[in-house]
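A.B. asks: Hey, dropping upload-v3.cif in here, mmCIF, C-alpha atoms:
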data_protein
#
loop_
_atom_site.label_atom_id
_atom_site.label_comp_id
_atom_site.auth_asym_id
_atom_site.auth_seq_id
_atom_site.Cartn_x
_atom_site.Cartn_y
_atom_site.Cartn_z
CA MET W 1 95.76 99.83 22.91
CA ALA W 2 93.02 102.39 22.93
CA GLU W 3 91.70 104.15 19.89
CA ALA W 4 93.06 107.66 19.88
CA GLU W 5 90.44 109.82 21.51
CA GLY W 6 91.71 112.71 19.47
CA GLU W 7 90.41 111.37 16.14
CA ALA W 8 88.58 114.67 15.88
CA VAL W 9 90.88 117.07 14.10
CA THR W 10 91.26 120.58 15.39
CA SER W 11 89.50 123.26 13.44
CA TYR W 12 92.48 125.52 13.01
CA GLY W 13 95.52 123.63 14.20
CA ALA W 14 95.86 125.56 17.51
CA VAL W 15 99.06 124.40 19.18
CA SER W 16 98.77 121.05 17.40
CA LYS W 17 96.24 118.51 16.27
CA ARG W 18 94.36 117.26 19.29
CA ARG W 19 94.94 113.75 18.05
CA SER W 20 98.68 114.30 18.38
CA PHE W 21 98.18 115.77 21.84
CA ALA W 22 96.22 112.73 23.01
CA LEU W 23 98.78 110.35 21.58
CA ILE W 24 101.55 112.23 23.38
CA PHE W 25 99.87 111.52 26.68
CA PHE W 26 99.28 107.86 25.91
CA PHE W 27 102.98 107.76 25.03
CA LEU W 28 103.88 109.47 28.30
CA ALA W 29 101.87 106.93 30.24
CA PHE W 30 103.48 103.89 28.69
CA ALA W 31 106.91 104.85 27.32
CA GLY W 32 110.14 103.81 28.94
CA CYS W 33 111.98 106.04 31.42
CA SER W 34 114.38 107.78 29.08
CA LYS W 35 111.71 108.10 26.38
CA LEU W 36 109.30 109.65 28.87
CA SER W 37 111.55 112.46 30.05
CA MET W 38 112.80 113.09 26.52
CA ALA W 39 109.25 113.19 25.13
CA VAL W 40 108.35 115.89 27.64
CA ARG W 41 111.60 117.78 27.23
CA TRP W 42 111.37 117.95 23.45
CA SER W 43 107.60 118.18 23.05
CA ASP W 44 107.72 121.96 22.55
CA SER W 45 109.94 121.56 19.49
CA VAL W 46 107.78 118.73 18.12
CA VAL W 47 104.50 120.57 18.64
CA LEU W 48 105.73 123.91 17.35
CA SER W 49 107.19 122.28 14.27
CA GLN W 50 103.69 120.99 13.49
CA THR W 51 102.28 124.52 13.70
CA LYS W 52 104.52 125.71 10.86
CA LYS W 53 101.88 124.32 8.53
CA TYR W 54 99.29 126.76 9.87
CA PHE W 55 101.04 129.69 11.55
CA GLU W 56 103.58 132.11 10.10
CA LEU W 57 105.82 133.06 13.02
CA ASN W 58 109.15 134.83 13.00
CA SER W 59 111.91 133.76 15.39
CA THR W 60 110.84 136.19 18.13
CA GLU W 61 107.21 135.11 17.90
CA ARG W 62 108.20 131.45 17.90
CA GLY W 63 110.29 132.07 21.01
CA LYS W 64 107.28 133.61 22.74
CA ALA W 65 105.10 130.66 21.72
CA LYS W 66 107.67 128.24 23.12
CA GLU W 67 107.79 130.19 26.38
CA LEU W 68 103.99 130.02 26.76
CA TYR W 69 104.00 126.34 25.83
CA ARG W 70 106.65 125.48 28.42
CA ALA W 71 104.75 127.34 31.15
CA ALA W 72 101.63 125.31 30.39
CA LEU W 73 103.62 122.08 30.22
CA VAL W 74 105.01 122.66 33.71
CA GLN W 75 101.43 123.00 34.98
CA VAL W 76 100.50 119.76 33.26
CA GLN W 77 103.41 117.92 34.85
CA GLN W 78 102.79 119.30 38.34
CA GLN W 79 99.01 119.08 38.44
CA ASP W 80 97.90 116.47 35.91
CA PHE W 81 100.66 113.86 35.92
CA PRO W 82 99.96 112.82 39.55
CA GLN W 83 96.31 112.22 38.63
CA LEU W 84 97.32 110.06 35.68
CA ALA W 85 99.67 108.18 38.03
CA ASP W 86 96.72 107.57 40.39
CA ILE W 87 94.84 105.86 37.55
CA LEU W 88 97.83 103.63 36.80
CA ASP W 89 98.10 102.77 40.51
CA THR W 90 94.42 101.81 40.56
CA TRP W 91 94.92 99.56 37.56
CA HIS W 92 97.93 97.98 39.25
CA VAL W 93 95.84 96.99 42.28
CA GLN W 94 92.94 95.73 40.18
CA VAL W 95 95.14 93.69 37.83
CA SER W 96 97.17 92.21 40.69
CA GLN W 97 93.96 91.02 42.35
CA ASP W 98 92.41 89.81 39.07
CA LYS W 99 89.44 92.04 39.80
CA ILE W 100 89.52 94.56 36.99
CA THR W 101 86.19 94.79 35.16
CA GLN W 102 85.07 96.52 32.01
CA GLU W 103 83.13 98.95 34.20
CA ASP W 104 86.34 99.73 36.12
CA LEU W 105 88.16 100.44 32.87
CA THR W 106 85.34 102.61 31.55
CA SER W 107 85.38 104.65 34.75
CA SER W 108 89.16 105.03 34.61
CA LEU W 109 89.09 106.12 30.98
CA GLU W 110 86.43 108.70 31.78
CA LYS W 111 88.68 110.08 34.51
CA ALA W 112 91.68 110.06 32.17
CA SER W 113 89.68 111.88 29.50
CA ALA W 114 88.70 114.56 32.00
CA ILE W 115 92.34 114.99 33.03
CA LEU W 116 93.45 115.29 29.40
CA ARG W 117 90.75 117.88 28.73
CA SER W 118 92.06 119.87 31.69
CA SER W 119 95.60 119.50 30.35
CA TRP W 120 94.53 120.66 26.91
CA ALA W 121 92.89 123.77 28.38
CA ARG W 122 96.18 124.80 30.00
CA PHE W 123 97.57 125.51 26.53
CA GLU W 124 94.98 128.20 25.77
CA PRO W 125 97.48 131.10 26.21
CA VAL W 126 99.79 129.77 23.51
CA ALA W 127 96.83 129.01 21.24
CA GLN W 128 95.50 132.55 21.64
CA TRP W 129 98.95 133.99 21.00
CA MET W 130 99.54 132.05 17.81
CA VAL W 131 96.09 132.72 16.41
CA ASP W 132 96.47 136.44 17.16
CA VAL W 133 99.79 136.49 15.31
CA GLU W 134 98.35 134.65 12.32
CA SER W 135 95.43 137.09 12.20
CA LYS W 136 97.92 139.81 11.25
CA HIS W 137 98.62 137.80 8.09
CA GLU W 138 94.87 137.44 7.42
CA PHE W 139 95.19 133.67 7.92
CA LYS W 140 96.76 133.17 4.49
CA HIS W 141 99.33 130.72 5.84
CA PHE W 142 96.61 128.90 7.72
CA GLU W 143 94.56 128.41 4.57
CA LYS W 144 97.61 127.09 2.71
CA GLY W 145 98.13 124.64 5.57
CA LEU W 146 94.59 123.36 5.20
CA ILE W 147 95.10 122.68 1.51
CA ALA W 148 98.35 120.82 2.22
CA ARG W 149 96.68 118.79 4.96
CA GLU W 150 93.80 117.77 2.69
CA LYS W 151 96.35 116.46 0.19
CA GLU W 152 98.18 114.52 2.92
CA GLU W 153 94.92 113.04 4.19
CA LYS W 154 93.95 111.91 0.71
CA GLU W 155 97.30 110.17 0.26
CA ARG W 156 96.98 108.55 3.68
CA ARG W 157 93.49 107.22 2.92
CA GLU W 158 94.73 105.65 -0.30
CA LYS W 159 97.18 103.55 1.67
CA SER W 160 96.09 100.43 3.52
CA PRO W 161 95.48 101.09 7.24
CA ASP W 162 96.53 97.53 8.09
CA GLN W 163 100.23 98.35 8.53
CA PHE W 164 99.41 101.35 10.71
CA ARG W 165 97.26 99.17 12.97
CA GLU W 166 99.98 96.53 13.14
CA ASN W 167 102.61 99.11 14.12
CA MET W 168 100.36 100.65 16.78
CA LEU W 169 99.56 97.22 18.17
CA GLU W 170 103.23 96.31 18.39
CA PHE W 171 104.05 99.55 20.20
CA PHE W 172 101.36 99.32 22.85
CA ALA W 173 101.83 95.60 23.37
CA ASP W 174 105.57 95.97 23.85
CA GLU W 175 105.12 98.81 26.36
CA THR W 176 102.36 97.12 28.39
CA VAL W 177 101.98 93.34 28.37
CA GLY W 178 104.72 92.28 25.98
CA GLU W 179 103.96 89.88 23.15
CA LEU W 180 100.28 89.18 22.56
CA THR W 181 98.95 85.70 22.02
CA ALA W 182 97.70 84.87 18.54
CA GLU W 183 94.10 84.95 19.77
CA GLN W 184 94.55 88.32 21.51
CA ARG W 185 96.14 89.81 18.42
CA LYS W 186 93.33 88.54 16.21
CA LYS W 187 90.60 89.95 18.46
CA VAL W 188 92.27 93.34 18.87
CA LEU W 189 92.76 93.81 15.13
CA GLU W 190 89.19 92.69 14.44
CA HIS W 191 87.93 95.16 17.02
CA TRP W 192 89.87 98.04 15.46
CA GLN W 193 88.68 97.15 11.99
CA GLN W 194 85.04 96.94 13.03
CA HIS W 195 84.95 100.09 15.17
CA SER W 196 87.27 102.57 13.46
CA LEU W 197 85.79 106.05 13.13
CA PRO W 198 84.25 106.50 9.65
CA HIS W 199 86.17 108.91 7.47
CA GLU W 200 82.96 110.70 6.51
CA VAL W 201 82.13 111.51 10.14
CA ARG W 202 85.62 112.81 10.80
CA GLU W 203 85.75 114.98 7.68
CA LYS W 204 82.25 116.39 8.19
CA ASN W 205 83.21 117.38 11.72
CA ARG W 206 86.46 118.94 10.53
CA ALA W 207 84.69 121.01 7.86
CA HIS W 208 82.06 122.06 10.39
CA MET W 209 84.62 123.32 12.90
CA ILE W 210 86.75 125.07 10.28
CA GLU W 211 83.72 126.95 9.04
CA LYS W 212 82.86 128.00 12.59
CA PHE W 213 86.39 129.31 13.01
CA ARG W 214 86.29 131.20 9.71
CA GLN W 215 83.12 132.92 10.79
CA ALA W 216 84.51 133.79 14.22
CA ARG W 217 87.96 134.98 13.16
CA VAL W 218 86.60 138.07 11.38
CA GLN W 219 86.26 139.92 14.69
CA SER W 220 88.98 139.74 17.33
CA GLU W 221 86.58 139.33 20.26
CA LYS W 222 84.64 136.52 18.61
CA ARG W 223 87.91 134.92 17.51
CA ARG W 224 89.23 134.85 21.06
CA GLU W 225 85.92 133.48 22.31
CA PHE W 226 86.12 130.68 19.77
CA VAL W 227 89.69 129.80 20.73
CA ALA W 228 88.77 129.83 24.42
CA GLU W 229 85.78 127.54 23.80
CA PHE W 230 87.87 125.22 21.66
CA MET W 231 90.56 124.88 24.31
CA ARG W 232 88.22 124.64 27.30
CA ASN W 233 85.29 122.71 25.86
CA TRP W 234 86.07 121.74 22.29
CA GLN W 235 83.39 119.03 22.23
CA SER W 236 80.72 121.74 22.25
CA LEU W 237 81.88 122.78 18.77
CA GLN W 238 81.63 119.32 17.24
CA THR W 239 78.93 117.83 15.08
CA VAL W 240 76.36 115.60 16.78
CA GLU W 241 77.69 112.61 14.86
CA MET W 242 81.22 113.16 16.16
CA LYS W 243 80.05 113.63 19.74
CA ASN W 244 78.13 110.36 19.61
CA ALA W 245 81.02 108.56 17.92
CA GLN W 246 83.49 109.63 20.58
CA GLN W 247 81.16 108.63 23.40
CA ARG W 248 80.89 105.17 21.87
CA SER W 249 84.66 105.13 21.39
CA LEU W 250 85.32 105.44 25.12
CA VAL W 251 83.18 102.39 25.88
CA ARG W 252 84.78 100.45 23.03
CA ASN W 253 88.24 101.33 24.31
CA ALA W 254 87.30 99.86 27.68
CA THR W 255 85.96 96.76 25.94
CA LEU W 256 89.19 96.37 24.00
CA MET W 257 91.37 96.79 27.07
CA HIS W 258 89.30 94.30 29.05
CA LEU W 259 89.56 91.84 26.19
CA VAL W 260 93.32 91.76 26.79
CA VAL W 261 93.57 92.07 30.59
CA SER W 262 90.96 89.35 31.11
CA THR W 263 93.06 86.88 29.11
CA LEU W 264 96.54 87.65 30.44
CA THR W 265 99.10 84.89 30.62
CA PRO W 266 101.24 84.76 33.80
CA ASP W 267 104.15 86.39 31.96
CA GLN W 268 101.94 89.11 30.51
CA LYS W 269 100.47 89.89 33.91
CA LYS W 270 103.92 90.14 35.47
CA ARG W 271 105.13 92.50 32.77
CA LEU W 272 102.01 94.65 32.89
CA LEU W 273 102.24 95.08 36.67
CA HIS W 274 105.90 96.02 36.35
CA ASN W 275 105.18 98.58 33.64
CA LEU W 276 102.23 100.13 35.45
CA LYS W 277 104.29 100.62 38.58
CA LYS W 278 107.27 102.03 36.68
CA ARG W 279 105.15 104.43 34.60
CA SER W 280 103.39 105.72 37.70
CA GLU W 281 106.69 106.40 39.42
CA GLN W 282 108.02 108.22 36.36
CA LEU W 283 104.98 110.48 36.14
CA ARG W 284 105.30 111.36 39.82
CA ASP W 285 109.02 112.07 39.44
CA LEU W 286 108.29 114.51 36.61
CA ALA W 287 105.58 116.14 38.71
CA LYS W 288 108.15 116.80 41.47
CA GLU W 289 110.85 118.01 39.09
CA PRO W 290 109.34 119.21 35.79
CA VAL W 291 111.62 119.22 32.78
#
Translate this file's structure into structure tokens.
C.D. replies:
Amino acid sequence: MAEAEGEAVTSYGAVSKRRSFALIFFFLAFAGCSKLSMAVRWSDSVVLSQTKKYFELNSTERGKAKELYRAALVQVQQQDFPQLADILDTWHVQVSQDKITQEDLTSSLEKASAILRSSWARFEPVAQWMVDVESKHEFKHFEKGLIAREKEEKERREKSPDQFRENMLEFFADETVGELTAEQRKKVLEHWQQHSLPHEVREKNRAHMIEKFRQARVQSEKRREFVAEFMRNWQSLQTVEMKNAQQRSLVRNATLMHLVVSTLTPDQKKRLLHNLKKRSEQLRDLAKEPV
């Protein structure tokens, strides 16, 4: 039930939108067993299909991109999944003892964010490859993708966000604590409505990063430096407003999570403990035998 940390949109669509990447990992942490392994197994197809909007790749180039993606994904499973499982194990102990605090959750989310940043950096080789290929086409396909995305974003903004929030709430509730009480549901939705990232901040940041990329892509060395910085430390490329907004978002996510875990019913607590244990075991299984 956390706001997607990846609200910042990537500047050039490398590999995928970072928002999608972050959501994939939240999904991995809380999805059921079969969904978890399938999400990992098919993530290359899902992610690469998203890149069609920005990168013009032939079948051979797409095969190479998939190969690089899979290599990075194996590293993520082997090295990062156990660390995510450790966080879930910590939550399991804290929830079982009724001793989980907002400070505990903030600390855990900070650790999770660091792990996800490390995971994101592992995909730099495929990002470099795809950007290099697109450079041969003078980024014409990329620019068309930006225009299409702006149209999609405009259409999305014109729709009410209420249904999206309801659907997200149902998903995370079902995969964690089960059905929320009426009071929990009310407070969560109010929290989301009050603290959603302003569209203006998000779009200003997006335009800022795209312009940085356009300036860097003229020369191959500068282009590769930009891609490396984006994959290893993408926050450094953001606007000040976005940096501050995301820092506040982490604390608000912890507040939101504590709002729920501090008011668990006996049935909710039982289900949450079961799910935390199961998700941790699944992540460790995938770390031992990557798919």
A.B. asks: Please enumerate the residues selected by the PyMOL selection byres ((chain W and resi 248) around 12) when evaluated against the supplied file, formatted as a PyMOL selection string.
C.D. replies: chain W and resi 3+5+106+110+195-197+241-247+249-255
A.B. asks: Would you mind reading off the distance between CA of Val177 in chain W and CA of Val76 in chain W, one decimal, in Å?
C.D. replies: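 Between these atoms lies a distance of 26.9 Å.
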A.B. asks: Please write as an NGL selection string the full residue list that the PyMOL selection byres ((chain W and resi 83) around 10) yields on this file.
C.D. replies: :W and (77-82 or 84-89 or 111-112 or 115 or 280 or 283-284)
A.B. asks: Take CA of Glu211 in chain W and CA of Arg232 in chain W and report the distance between them in Å, one decimal.
C.D. replies: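 CA of Glu211 in chain W sits 18.9 Å away from CA of Arg232 in chain W.
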A.B. asks: Could you tell me, as a ChimeraX atom specification, exactly which residues end up selected when the PyMOL selection byres ((chain W and resi 48) around 8) is applied to this structure?
C.D. replies: /W:15-16,44-47,49-52,62,66
A.B. asks: The selected residues should be written to file as a PDB file, in the coordinates of the input (atoms: C-alpha atoms).
C.D. replies:
ATOM      1  CA  VAL W  15      99.060 124.400  19.180  1.00  0.00           C
ATOM      2  CA  SER W  16      98.770 121.050  17.400  1.00  0.00           C
ATOM      3  CA  ASP W  44     107.720 121.960  22.550  1.00  0.00           C
ATOM      4  CA  SER W  45     109.940 121.560  19.490  1.00  0.00           C
ATOM      5  CA  VAL W  46     107.780 118.730  18.120  1.00  0.00           C
ATOM      6  CA  VAL W  47     104.500 120.570  18.640  1.00  0.00           C
ATOM      7  CA  SER W  49     107.190 122.280  14.270  1.00  0.00           C
ATOM      8  CA  GLN W  50     103.690 120.990  13.490  1.00  0.00           C
ATOM      9  CA  THR W  51     102.280 124.520  13.700  1.00  0.00           C
ATOM     10  CA  LYS W  52     104.520 125.710  10.860  1.00  0.00           C
ATOM     11  CA  ARG W  62     108.200 131.450  17.900  1.00  0.00           C
ATOM     12  CA  LYS W  66     107.670 128.240  23.120  1.00  0.00           C
TER      13      LYS W  66
END
A.B. asks: Please compute the CA of Arg149 in chain W-CA of Met38 in chain W distance, one decimal, in Å.
C.D. replies: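 Atom-to-atom, CA of Arg149 in chain W to CA of Met38 in chain W, that is 27.5 Å.
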A.B. asks: Find the residues near Gln268 in chain W: any atom within 12 Å, counting all atoms listed in the file, skip ones fewer than 6 places away on the same chain, and give them as a PyMOL selection string.
C.D. replies: chain W and resi 95-96+173-181+184+260-262+274-275
A.B. asks: Could you pull out every residue with an atom within 12 Å of (89.4, 136.4, 18.3), file coordinates, counting only C-alpha atoms, and send them as a short mmCIF file (atom, residue, chain, number, x, y, z; two decimals) with C-alpha atoms, in the coordinates of the input?
C.D. replies:
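File written: out02.cif
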data_model
loop_
_atom_site.label_atom_id
_atom_site.label_comp_id
_atom_site.auth_asym_id
_atom_site.auth_seq_id
_atom_site.Cartn_x
_atom_site.Cartn_y
_atom_site.Cartn_z
CA ALA W 127 96.83 129.01 21.24
CA GLN W 128 95.50 132.55 21.64
CA TRP W 129 98.95 133.99 21.00
CA MET W 130 99.54 132.05 17.81
CA VAL W 131 96.09 132.72 16.41
CA ASP W 132 96.47 136.44 17.16
CA VAL W 133 99.79 136.49 15.31
CA GLU W 134 98.35 134.65 12.32
CA SER W 135 95.43 137.09 12.20
CA LYS W 136 97.92 139.81 11.25
CA PHE W 213 86.39 129.31 13.01
CA ARG W 214 86.29 131.20 9.71
CA GLN W 215 83.12 132.92 10.79
CA ALA W 216 84.51 133.79 14.22
CA ARG W 217 87.96 134.98 13.16
CA VAL W 218 86.60 138.07 11.38
CA GLN W 219 86.26 139.92 14.69
CA SER W 220 88.98 139.74 17.33
CA GLU W 221 86.58 139.33 20.26
CA LYS W 222 84.64 136.52 18.61
CA ARG W 223 87.91 134.92 17.51
CA ARG W 224 89.23 134.85 21.06
CA GLU W 225 85.92 133.48 22.31
CA PHE W 226 86.12 130.68 19.77
CA VAL W 227 89.69 129.80 20.73
CA ALA W 228 88.77 129.83 24.42
CA GLU W 229 85.78 127.54 23.80
CA PHE W 230 87.87 125.22 21.66
#
A.B. asks: Compare W:Arg185, W:Lys288, W:His92, W:His258 by their minimum atom-to-atom distance to Arg271 in chain W, counting all atoms listed in the file, and give me the closest one.
C.D. replies: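 Under the stated criterion, the closest residue is W:His92.
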A.B. asks: May I ask which of the residues W:Lys144, W:Lys187, W:Lys278, W:Arg41 is the closest one to Leu259 in chain W, counting all atoms listed in the file?
C.D. replies: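 Using all atoms listed in the file, the shortest distance to Leu259 in chain W belongs to W:Lys187.
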A.B. asks: To box range 138-146 of chain W, take all atoms listed in the file, fit an axis-aligned box, add 4 Å on each side, and give centre and edge lengths in Å to one decimal, as AutoDock Vina command-line options.
C.D. replies:
--center_x 96.9 --center_y 130.4 --center_z 5.3 --size_x 12.8 --size_y 22.1 --size_z 13.2
A.B. asks: Of the candidates W:Phe55, W:Trp42, W:Phe164, W:Trp91, which one gets nearest to Lys269 in chain W if we count all atoms listed in the file?
C.D. replies: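 The closest residue to Lys269 in chain W is W:Trp91.
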